[in-house]
Each structure stands twice: as C-alpha cells, then as structure tokens.
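Worksheet: one structure, shown below.
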Amino acid sequence: MDSKKGIIFTGALIGILAVILVRFGNPVNMGICIACFIRDTAGALGLHRADVVQYIRPEIIGIVLGAFMMAFGKKEFDVRGGSSPFIRFVLGFIVMIGALMFLGCPLRMVLRLGGGDLNALIGLAGFVVGIIVGIIFLKSGFSLKRTYRLSKLEGYLFPMLNIVLFILLLTAPAFIFFSKKGPGAMHASMWIALAAGLIIGGLVQRTRLCMVGGIRDAILFKDTYLILGFISIFVFATLGNLYFGFYKLGFTGQSIAHTDGLWNFLGMALAGWGSVLLGGCPLRQLILASEGNVDSVITILGMSAGAAFAHNFSLAASAQGPSPNGKIAVFIGFALLLIIAYFNLEQDVKAAVKGGVKVGAN
Amino acid sequence: MAQIDTRGMSCPQPVLMTKKALEVCSIEVTVLVDSKTAKSNVERYLNLTGYSINTIELDTNTFKISAKK
C-alpha cells in the first residue's frame with residue numbers, strides 16, 4: 001500500500017479511531033499516545049509509582065501484534081540489530097523526557113491539535129525546529145551505523161513480551177498496579193482498545209506512517225508522502241472531535257495539557273530532534289520493534305526507562321505546568337543530544353562517494 | 001557510475017546516501033537496499049528527481065536499484 005491513498009486512509013482511520021477510543025473512555029485528546037501509554041504500562045509494572053498513570057494499555061499491545069502479524073504475513077519480518085544499541089536506548093530515554101514535558105508523543109500532538117488544543121501548535125513549532133536541527137546533523141553525515149542480521153528468536157521476543165503483558169492485563173495479579181483515579185483510570189474497554197491497536201498496527205506497518213518522517217522528508221527531500229498521513233490524522237481527528245462534541249478551541253482548560261508555551265516548545269523540540277536521530281517517531285519505533293528491528297526494541301526500553309525516571313524523579317510536567325526538575329532534565333537532554341549527534345558524524349560521507357568507486361561499505 | 005551499498009542503514013540514510021551519490025555522479029547510480037521500506041523510499045526519491053529506475057530482487061528483502069537520468 002505504498003500509495004498516497006493508502007497513507008491518507010491510514011491517517012483518517014487513526015484520527016477517527018482515536019476519537020472513538022475517547023468516546024469509549026480514554027482521556028480527551030488521548031485516544032492514542034505512544035509515550036503516555038508506554039509510561040502507563042511502565043507504571044502498571046511498578047517501574048514508577050505515580051498512581052494516576054498506571055495501566056497496561058491494550059492499544060500498545062494491539063499495535064505491536066498488528067504490525068507483527070502484518071510484517072510476518074507480508075514476509076517483511078526481518079530480524080536486525082546492532083546499530084548503536086545503547087545510544088538508541090539513551091535517545092529513547094531523552095525523547096520520552098521531551099514528550100512528558102509537553103505531555104504527549106508527536107502522535108498525541110497531532111490529536112491535541114485536532115481537538116483544538118492550541119498549546120499543541122506551540123509544541124508543533126518546537127517539533128519542527130527540533131527536526132530541522134536533526135536534519136542539519138543528518139546532512140552533515142550523522143549515522144548510527146549499520147544493523148546486522150540476528151537470530152529469529154531475538155525478533156520474536158518483543159511480540160511475545162506483549163502477549164505476556166496482555167495476559168497480565170487479563171488476569172490482573174496483585175503485583176500489577178492499576179490507577180483508581182486520574183488518566184490511568186480512564187480507558188476504553190480492553191477489547192475495543194486492543195482491536196483499535198491491531199488495526200492501527202497493521203496499517204501503519206504497511207504505510208510506514210511516521211510523524212517525524214513526514215516533516216523530515218518534506219524538508220529534506222521535498223517528498224510529501226509521509227506528511228499526508230500526518231495531515232490526514234489532523235483533519236479526521238478534528239472532524240471526529242467536532243462530531244462527538246469533544247472539540248474545544250483555545251489554550252486553557254485543555255485535557256491533560258499545560259499552558260507554559262516555552263516548555264511545550266522545548267519539550268517537543270527535544271522529542272523532535274531525538275526522533276530524527278533515531279530515524280522515526282515513537283509510533284514508528286514501536287512498529288519497527290514489532291517487525292524484527294531489535295534496535296527499536298532497545299529504543300522502546302529506553303523510552304520505558306525514561307518514563308519511569310520521569311515520574312520517580314518528578315521530571316514529567318502536569319496540568320499545572322512543568323516541574324523544576326523537568327526543566328533541568330530537558331536541558332540535560334539537549335546537551336546529550338548535541339554530544340550524541342556530534343560524535344556520530346561521519347566526516348568522509350561525501351569524500352567516499354566518487355565516480356565508479358563503491359561507497360558506503362562501513 | 002556510482003554504486004552505493006545502503007544495506008543495514010536505517011531510515012532516512014539510504015535516501016540521503018543516494019542523494020549524495022547523485023551529487024557526485026548524476027547520470028547513473030546503483031543502490032543496494034535490504035528492506036522494502038528503503039526500497040520504496042529510494043525508488044520514490046529517484047522518481048521524484050526524474051530518474052528511470054529498474055529494480056531487481058537479489059535475495060529476500062534485498063534489492064538492487066539501478067537508476068538512469
């Protein structure tokens with residue numbers, strides 16, 4: 001489905017399903033949020049103890065299994081890894097810190113825009129700036145090096161882990177934490193959420209939809225394929241929110257959002273820059289992790305660790321605004337991104353490309 | 001002619017490497033890719049920039065894309 005119609009359809013479906021999930025119980029403008037839902041899942045496992053954001057989100061499990069089955073069926077399940085694994089872990093961690101400063105991953109940013117939350121517009125401005133900074137490093141030769149083929153089992157483990165998570169959700173043993181109040185207690189029924197995730201996972205695997213990729217490719221290659229999905233999500237989430245009466249235009253009184261423009265901007269700039277270095281937004285990382293990319297599995301683990309730290313050390317923002325610790329964490333994040341980006345520049349990219357000479361081999 | 005091997009490189013590097021190779025040799029380029037995502041990204045880029053392309057599958061999920069102006 002490598003066509004413009006395919007990605008517009010996928011975006012439309014994500015926009016509508018997100019609103020339907022809100023209708024069935026998810027927090028407003030949070031039908032789907034990869035960062036928030038990984039954070040909730042980390043909380044349910046007790047990796048952090050913020051008791052308002054603990055729930056094993058079936059949407060994540062559905063996306064993983066949907067993408068896995070689609071990739072498997074289409075013979076695209078291919079197990080790879082070894083491309084700067086710990087750097088990817090750290091980048092995943094930093095992207096999560098940025099997302100939890102803004103209160104949402106890039107996908108939720110689009111959904112918030114579709115709900116009329118103008119704070120997300122400032123987030124989008126930061127996101128674009130972050131992506132442009134990332135592009136400057138990409139153009140200067142930034143690379144996380146090659147991946148290598150690994151054993152099949154290495155790739156099957158991540159989907160299997162998600163089946164285990166679903167069993168834990170179904171059986172709800174005493175050692176799993178489920179929020180009794182707050183956003184974590186607001187959720188659509190598990191089968192609806194799982195089904196929505198399965199559909200989204202399968203379609204995004206086919207179309208390679210990516211929030212970061214959309215803006216990146218439009219700027220870098222003047223290629224508008226991916227950004228069509230981004231726009232489609234926005235348009236259909238807007239229509240869905242208007243239809244169900246969730247739409248609310250303005251800055252104040254928005255669902256799970258704060259109005260501190262500077263930190264909304266910086267949070268998303270951090271997430272955007274980090275995601276460009278990773279090669280894709282959190283949603284894309286989740287899909288790649290499901291089709292055998294072990295580096296993306298490591299990235300997801302980094303995001304989970306980032307989420308746990310964000311709540312254990314009070315780094316995450318809340319509806320009241322950013323925390324002092326969170327501001328420091330965002331600055332440390334920028335410093336780390338600069339170090340990672342600089343030390344992974346390959347100076348010889350252009351020099352290596354000569355007529356008739358093979359280039360690109362390590 | 002420039003030949004580039006983008007196998008193992010993650011998005012968007014196969015396209016970036018193709019772009020850089022074309023800056024050096026703009027008439028003809030051969031790109032090795034090892035995922036369908038990279039294949040469609042590189043093909044889309046070459047199409048957008050006006051090249052005629054010919055792709056052959058060397059192995060499962062490994063392709064050789066030849067492009068000419």
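Each chain in the structure tokens gets a letter, A, B, ..., in the order shown, and its residues are numbered from 1; ligands are numbered from 1 in order too.
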Neighbours of chain A in chain B at 7 Å, counting only C-alpha atoms, as a list in words: Met1, Ala2, Gln3, Ile4, Asp5, Thr6, Gly8, Met9, Ser10, Cys11, Pro12, Lys20, Ala21, Val24 and Cys25 of chain B
task: Could you tell me, as an MDAnalysis selection string, which residues of stretch 14-67 of chain B DSSP assigns to strand (DSSP E or B) when given the backbone?
output: chainID B and resid 28:33 52:59 62:67
- request: Write out as a ChimeraX atom specification which residues come within 6 Å of stretch 11-21 of chain A when counting only C-alpha atoms, dropping same-chain ones fewer than 4 positions away.
  value: /A:26,31-32,188,229,232-233,236-237,240
Distance query A:Leu270 at most 7 Å, only C-alpha atoms, self and fewer than 3 positions along chain excluded, as an mmCIF file with all heavy atoms, in the first residue's frame:
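Result file is around.cif:
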```
data_model
loop_
_atom_site.group_PDB
_atom_site.id
_atom_site.type_symbol
_atom_site.label_atom_id
_atom_site.label_comp_id
_atom_site.auth_asym_id
_atom_site.auth_seq_id
_atom_site.Cartn_x
_atom_site.Cartn_y
_atom_site.Cartn_z
ATOM 1 N N VAL A 95 13.838 11.223 24.296
ATOM 2 C CA VAL A 95 12.581 11.520 23.597
ATOM 3 C C VAL A 95 11.417 11.457 24.600
ATOM 4 O O VAL A 95 10.514 12.302 24.573
ATOM 5 C CB VAL A 95 12.355 10.543 22.411
ATOM 6 C CG1 VAL A 95 10.925 10.614 21.896
ATOM 7 C CG2 VAL A 95 13.336 10.840 21.282
ATOM 8 N N GLY A 98 11.335 14.577 26.757
ATOM 9 C CA GLY A 98 10.753 15.691 25.993
ATOM 10 C C GLY A 98 9.245 15.551 25.856
ATOM 11 O O GLY A 98 8.492 16.516 26.033
ATOM 12 N N GLY A 130 13.094 21.232 16.231
ATOM 13 C CA GLY A 130 13.892 20.070 16.624
ATOM 14 C C GLY A 130 14.251 19.212 15.419
ATOM 15 O O GLY A 130 15.386 18.738 15.278
ATOM 16 N N LEU A 266 9.980 23.629 24.018
ATOM 17 C CA LEU A 266 11.259 22.941 24.251
ATOM 18 C C LEU A 266 11.075 21.435 24.368
ATOM 19 O O LEU A 266 11.901 20.655 23.886
ATOM 20 C CB LEU A 266 11.937 23.503 25.507
ATOM 21 C CG LEU A 266 12.455 24.940 25.384
ATOM 22 C CD1 LEU A 266 13.019 25.419 26.726
ATOM 23 C CD2 LEU A 266 13.529 25.046 24.300
ATOM 24 N N GLY A 267 9.991 21.009 25.008
ATOM 25 C CA GLY A 267 9.731 19.574 25.157
ATOM 26 C C GLY A 267 9.624 18.892 23.808
ATOM 27 O O GLY A 267 10.240 17.853 23.552
ATOM 28 N N TRP A 273 14.044 16.410 17.756
ATOM 29 C CA TRP A 273 15.464 16.240 17.450
ATOM 30 C C TRP A 273 15.883 14.786 17.744
ATOM 31 O O TRP A 273 16.494 14.113 16.900
ATOM 32 C CB TRP A 273 16.289 17.241 18.271
ATOM 33 C CG TRP A 273 17.757 17.247 17.985
ATOM 34 C CD1 TRP A 273 18.413 16.544 17.008
ATOM 35 C CD2 TRP A 273 18.751 17.996 18.690
ATOM 36 N NE1 TRP A 273 19.764 16.816 17.073
ATOM 37 C CE2 TRP A 273 20.000 17.694 18.084
ATOM 38 C CE3 TRP A 273 18.718 18.891 19.760
ATOM 39 C CZ2 TRP A 273 21.200 18.253 18.537
ATOM 40 C CZ3 TRP A 273 19.909 19.456 20.209
ATOM 41 C CH2 TRP A 273 21.138 19.142 19.594
ATOM 42 N N GLY A 274 15.521 14.305 18.914
ATOM 43 C CA GLY A 274 15.866 12.932 19.293
ATOM 44 C C GLY A 274 15.280 11.919 18.322
ATOM 45 O O GLY A 274 15.938 10.954 17.930
ATOM 46 N N PHE A 334 19.064 18.081 25.920
ATOM 47 C CA PHE A 334 19.634 18.811 24.775
ATOM 48 C C PHE A 334 21.156 18.635 24.719
ATOM 49 O O PHE A 334 21.732 18.428 23.647
ATOM 50 C CB PHE A 334 19.292 20.305 24.856
ATOM 51 C CG PHE A 334 17.916 20.630 24.337
ATOM 52 C CD1 PHE A 334 16.960 21.215 25.166
ATOM 53 C CD2 PHE A 334 17.567 20.360 23.014
ATOM 54 C CE1 PHE A 334 15.688 21.524 24.692
ATOM 55 C CE2 PHE A 334 16.298 20.661 22.532
ATOM 56 C CZ PHE A 334 15.358 21.241 23.378
#
```
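The spacing separating atom CA of A:Val22 from atom CA of A:Leu283 amounts to 18.6 Å.
The environment of A:Glu59 within 6 Å, counting only C-alpha atoms and disregarding residues fewer than 2 places along the same chain, consists of Arg57, Ile61, Gly62, Ala193, Leu194 and Gly197 of chain A.
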For A:Leu262, work out the shell of residues within 10 Å, counting only C-alpha atoms and skipping chain neighbours fewer than 4 positions away, then give it as a compact mmCIF listing (two decimals) with C-alpha atoms, in the first residue's frame.
```txt
# COMPACT_ATOMS: atom_id res chain seq x y z
CA PHE A 102 4.97 18.53 26.50
CA ILE A 122 3.40 25.75 20.04
CA GLY A 123 4.52 22.17 20.55
CA GLY A 126 9.16 23.27 18.68
CA LEU A 266 11.26 22.94 24.25
CA GLY A 267 9.73 19.57 25.16
CA PRO A 322 6.50 21.86 34.12
```
message: Can you tell me, as a list in words, which residues in chain B count as helix (DSSP H, G or I) by DSSP?
response: Gln13, Pro14, Val15, Leu16, Met17, Thr18, Lys19, Lys20, Ala21, Leu22, Glu23, Val24, Lys36, Thr37, Ala38, Lys39, Ser40, Asn41, Val42, Glu43, Arg44, Tyr45, Leu46, Asn47 and Leu48 of chain B
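Between atom CA of A:Ala67 and atom CA of A:Leu226 the separation is 17.7 Å.
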Leaving out B:Ser52 and any residue of its chain fewer than 3 positions from it, which residues lie within 10 Å of it when counting only C-alpha atoms, given as a short mmCIF file (atom, residue, chain, number, x, y, z; two decimals) with all heavy atoms, in the first residue's frame?
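out_39.cif, written as the output of this step:
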```cif
data_model
loop_
_atom_site.label_atom_id
_atom_site.label_comp_id
_atom_site.auth_asym_id
_atom_site.auth_seq_id
_atom_site.Cartn_x
_atom_site.Cartn_y
_atom_site.Cartn_z
N GLU B 28 24.14 8.16 -13.58
CA GLU B 28 23.74 6.78 -13.32
C GLU B 28 24.15 6.36 -11.91
O GLU B 28 25.25 6.68 -11.46
CB GLU B 28 24.44 5.87 -14.35
CG GLU B 28 23.77 4.55 -14.52
CD GLU B 28 24.43 3.72 -15.62
OE1 GLU B 28 25.36 4.25 -16.29
OE2 GLU B 28 24.04 2.56 -15.80
N GLU B 43 13.31 4.43 -4.30
CA GLU B 43 12.62 4.50 -5.59
C GLU B 43 11.79 5.78 -5.70
O GLU B 43 11.78 6.43 -6.74
CB GLU B 43 11.71 3.28 -5.78
CG GLU B 43 12.48 2.00 -6.07
CD GLU B 43 11.56 0.80 -6.24
OE1 GLU B 43 10.39 0.86 -5.80
OE2 GLU B 43 12.03 -0.20 -6.78
N LEU B 46 14.09 8.72 -6.33
CA LEU B 46 14.62 8.73 -7.70
C LEU B 46 13.54 9.12 -8.70
O LEU B 46 13.80 9.85 -9.66
CB LEU B 46 15.23 7.37 -8.04
CG LEU B 46 16.53 7.04 -7.30
CD1 LEU B 46 16.90 5.57 -7.47
CD2 LEU B 46 17.68 7.92 -7.82
N ASN B 47 12.32 8.65 -8.47
CA ASN B 47 11.21 9.04 -9.33
C ASN B 47 10.94 10.54 -9.27
O ASN B 47 10.77 11.20 -10.29
CB ASN B 47 9.93 8.30 -8.91
CG ASN B 47 9.80 6.96 -9.62
OD1 ASN B 47 10.20 6.83 -10.77
ND2 ASN B 47 9.25 5.98 -8.94
N THR B 49 12.97 12.83 -8.58
CA THR B 49 14.03 13.65 -9.15
C THR B 49 14.26 13.33 -10.62
O THR B 49 15.23 13.76 -11.22
CB THR B 49 15.34 13.46 -8.35
OG1 THR B 49 15.50 12.06 -8.07
CG2 THR B 49 15.32 14.22 -7.06
N SER B 66 18.72 0.21 -10.03
CA SER B 66 19.57 0.92 -11.00
C SER B 66 18.78 2.11 -11.53
O SER B 66 17.62 1.94 -11.93
CB SER B 66 19.95 0.00 -12.15
OG SER B 66 20.52 -1.19 -11.65
N ALA B 67 19.41 3.26 -11.52
CA ALA B 67 18.70 4.46 -11.98
C ALA B 67 19.53 5.21 -13.01
O ALA B 67 20.75 5.29 -12.91
CB ALA B 67 18.41 5.36 -10.79
N LYS B 68 18.84 5.70 -14.02
CA LYS B 68 19.49 6.48 -15.07
C LYS B 68 18.71 7.76 -15.30
O LYS B 68 17.49 7.77 -15.18
CB LYS B 68 19.50 5.68 -16.38
CG LYS B 68 20.73 4.86 -16.60
CD LYS B 68 20.70 4.27 -17.99
CE LYS B 68 21.77 3.19 -18.14
NZ LYS B 68 21.63 2.46 -19.38
N LYS B 69 19.44 8.80 -15.68
CA LYS B 69 18.76 10.06 -15.99
C LYS B 69 18.08 9.94 -17.34
O LYS B 69 18.68 9.44 -18.29
CB LYS B 69 19.80 11.21 -16.01
CG LYS B 69 19.18 12.58 -15.97
CD LYS B 69 18.79 12.95 -14.56
CE LYS B 69 18.11 14.30 -14.46
NZ LYS B 69 17.78 14.65 -13.09
#
```
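From atom CA of B:Ser35 back to atom CA of A:Lys74, the distance works out to 12.2 Å.
Closest approach to B:Ser26 among B:Ile65, B:Thr55, B:Gly50, B:Pro14 is made by B:Gly50 (distances from only C-alpha atoms).
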